[in-house]
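First the structure, in the form of structure tokens, and then the observations on it.
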Amino acid sequence: MKRILLLMLLVSSFAVAQDLELALWPDEIPNSRPSDEKEIQEKNGILWIRQVQNPGIEVYLPVPQIATGQAVLICPGGGYQGLAFDWEGRQIAKWLNSKGIAGIVLKYRLPNSRSIETSYKAPLQDARRAMRLIRSRAEEWKLDENKIGVMGFSAGGHLASTLGTHLEMEENLRGDEINKLKAKPDFMVLVYPVITMNSEYTHQGSRNSLLGQNPEEELVKKFSNELQVTSETPPTFLVATSDDEVVPVQNSLHFYEALVNSKVPAEMHIYPKGGHGFAFGTGQYYLQDWNEILASWLQNLQE
């Protein structure tokens, strides 16, 4: 009987998870300028969002009976040119709900937008604001403000790892009390992530979108996040494949090495096959179980 009741709770968490949309910046969006751009949403198997004009979050909360107090800010990938919003966003949030974890999908500005003044600053500004906004609602959403992490896929993995390593970023933000809250994630989950901007191993499309065609070397080093790891970097879970021809596995390997060298708790799973952009890896044999390994890792963080 208990097993049947638990199964009913898990199923219901997929079906009735709360769906709430919030704007990140209710007033003036920082680092922005007027343009004639319009946001584009296209559905061709995957919901693809480009030219984000009004960044925000979609909030999916688990049913109270299984809630753990954990929350994950999810950064979909797309080469910093678009967002694979359901494939690497909404479906991930709903799966997290089944584990009792709040899933919060970030719609962040993309650096190739004409509505942005300084391209490389905008995604991180939005991610930092999202973390603060979540913490400002922690009591209302029944979250533990010290158990809020970030998860990123591909270029979203670069954004997530930037959020966890660029802790001293100058912001000079004005406005509400939310901007005074902690932006640092309590843990990171990086799935086939872009990590480095070093031309040998980077994803060139992501680098070009974020930093431009001919960035200064100082900027390349700053956003090569394997070089930014310190003992203050949060615990990290990494997933990648050896045959990824889009984002070389060295991105994950070098980041893991930096974490170990800085004595940051880290776990990494490298699969021999699977390529890039597999999300849950459904139908790819052992690859499709990586999320259950992640679920165990997230549960261990609670202890």
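Identifiers for the structure tokens are assigned positionally: chains receive A, B, ... in sequence, residues are indexed from 1 per chain, and ligands are indexed from 1 in the order shown.
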Note to self: List as a VMD selection string the protein and nucleic acid residues near region 115-131 of chain A, meaning an atom at most 8 Å away when only C-alpha atoms are counted, but skip any in the same chain fewer than 2 places from it.
What the structure shows: chain A and resid 24 31 to 35 37 53 55 to 57 73 106 108 to 113 133 to 135 148 159 to 160 162 to 163 171 178 to 179 182 to 185 210 to 211
Notebook entry, point to check: Can you list, as an MDAnalysis selection string, every protein, DNA or RNA residue that comes within 7 Å of Val264 (chain A) when you count only C-alpha atoms, leaving out same-chain residues fewer than 4 positions away?
Noted result: chainID A and resid 231 233:235 259:260
Could those selected residues go to a file with N, CA, C and O atoms, as a PDB file, in the first residue's frame?
ATOM      1  N   SER A 231      39.083  27.059  -4.009  1.00  0.00           N
ATOM      2  CA  SER A 231      38.509  26.250  -2.932  1.00  0.00           C
ATOM      3  C   SER A 231      37.086  26.692  -2.594  1.00  0.00           C
ATOM      4  O   SER A 231      36.359  25.968  -1.908  1.00  0.00           O
ATOM      5  N   THR A 233      34.782  27.227  -4.903  1.00  0.00           N
ATOM      6  CA  THR A 233      33.870  26.713  -5.931  1.00  0.00           C
ATOM      7  C   THR A 233      32.971  25.637  -5.318  1.00  0.00           C
ATOM      8  O   THR A 233      33.440  24.795  -4.553  1.00  0.00           O
ATOM      9  N   PRO A 234      31.686  25.645  -5.607  1.00  0.00           N
ATOM     10  CA  PRO A 234      30.768  24.681  -4.984  1.00  0.00           C
ATOM     11  C   PRO A 234      30.959  23.258  -5.507  1.00  0.00           C
ATOM     12  O   PRO A 234      31.513  23.052  -6.596  1.00  0.00           O
ATOM     13  N   PRO A 235      30.537  22.253  -4.739  1.00  0.00           N
ATOM     14  CA  PRO A 235      30.591  20.853  -5.176  1.00  0.00           C
ATOM     15  C   PRO A 235      29.953  20.687  -6.547  1.00  0.00           C
ATOM     16  O   PRO A 235      28.944  21.338  -6.861  1.00  0.00           O
ATOM     17  N   LEU A 259      38.986  21.142 -10.113  1.00  0.00           N
ATOM     18  CA  LEU A 259      38.224  20.951  -8.883  1.00  0.00           C
ATOM     19  C   LEU A 259      38.991  20.092  -7.882  1.00  0.00           C
ATOM     20  O   LEU A 259      39.089  20.430  -6.687  1.00  0.00           O
ATOM     21  N   VAL A 260      39.544  18.991  -8.362  1.00  0.00           N
ATOM     22  CA  VAL A 260      40.297  18.093  -7.486  1.00  0.00           C
ATOM     23  C   VAL A 260      41.513  18.811  -6.908  1.00  0.00           C
ATOM     24  O   VAL A 260      41.818  18.698  -5.710  1.00  0.00           O
TER      25      VAL A 260
END
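Considering the residues A:Thr236, A:Gln250, A:Ser206, A:Thr68 and counting only C-alpha atoms, Met151 (chain A) has its shortest atom-to-atom contact with A:Thr236.
Taking CA of Glu168 (chain A) as the reference point, CA of Ser154 (chain A) is found at 23.6 Å.
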Using only C-alpha atoms, find each residue in region 173-194 of chain A having at least one atom no more than 12 Å away from region 85-95 of chain A; report its shortest atom-to-atom pair and that distance in Å (one decimal), rows by chain then rising number, as JSON lines.
{"residue": "A:Val189", "atom": "CA", "partner": "A:Ile92", "partner_atom": "CA", "distance": 12.0}
{"residue": "A:Leu190", "atom": "CA", "partner": "A:Glu88", "partner_atom": "CA", "distance": 11.7}
{"residue": "A:Val191", "atom": "CA", "partner": "A:Glu88", "partner_atom": "CA", "distance": 9.8}
{"residue": "A:Tyr192", "atom": "CA", "partner": "A:Glu88", "partner_atom": "CA", "distance": 11.5}
Next item on the list: Determine, counting only C-alpha atoms, which protein, DNA and RNA residues have an atom within 10 Å of an atom of His254 (chain A); residues of the same chain fewer than 6 positions away are not included. Present the result as a ChimeraX atom specification.
Entry: /A:195-196,225-227,260
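Computed from the coordinates, the CA of Ser252 (chain A) to CA of Asn97 (chain A) distance equals 26.6 Å.
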Next item on the list: Tell me which protein, DNA and RNA residues are within 6 Å of region 272-286 of chain A, counting only C-alpha atoms, leaving out same-chain ones fewer than 6 positions away, and put them as a VMD selection string.
Entry: chain A and resid 241 to 244
Those same residues, written as a PDB file, in the first residue's frame with N, CA and C atoms?
ATOM      1  N   THR A 241      30.531  12.741 -22.723  1.00  0.00           N
ATOM      2  CA  THR A 241      30.830  11.537 -23.488  1.00  0.00           C
ATOM      3  C   THR A 241      32.155  11.704 -24.215  1.00  0.00           C
ATOM      4  N   SER A 242      32.836  10.593 -24.418  1.00  0.00           N
ATOM      5  CA  SER A 242      34.142  10.628 -25.091  1.00  0.00           C
ATOM      6  C   SER A 242      34.031  10.938 -26.569  1.00  0.00           C
ATOM      7  N   ASP A 243      32.878  10.640 -27.159  1.00  0.00           N
ATOM      8  CA  ASP A 243      32.734  10.834 -28.610  1.00  0.00           C
ATOM      9  C   ASP A 243      31.996  12.131 -28.956  1.00  0.00           C
ATOM     10  N   ASP A 244      31.960  13.073 -28.030  1.00  0.00           N
ATOM     11  CA  ASP A 244      31.308  14.356 -28.285  1.00  0.00           C
ATOM     12  C   ASP A 244      32.151  15.152 -29.282  1.00  0.00           C
TER      13      ASP A 244
END
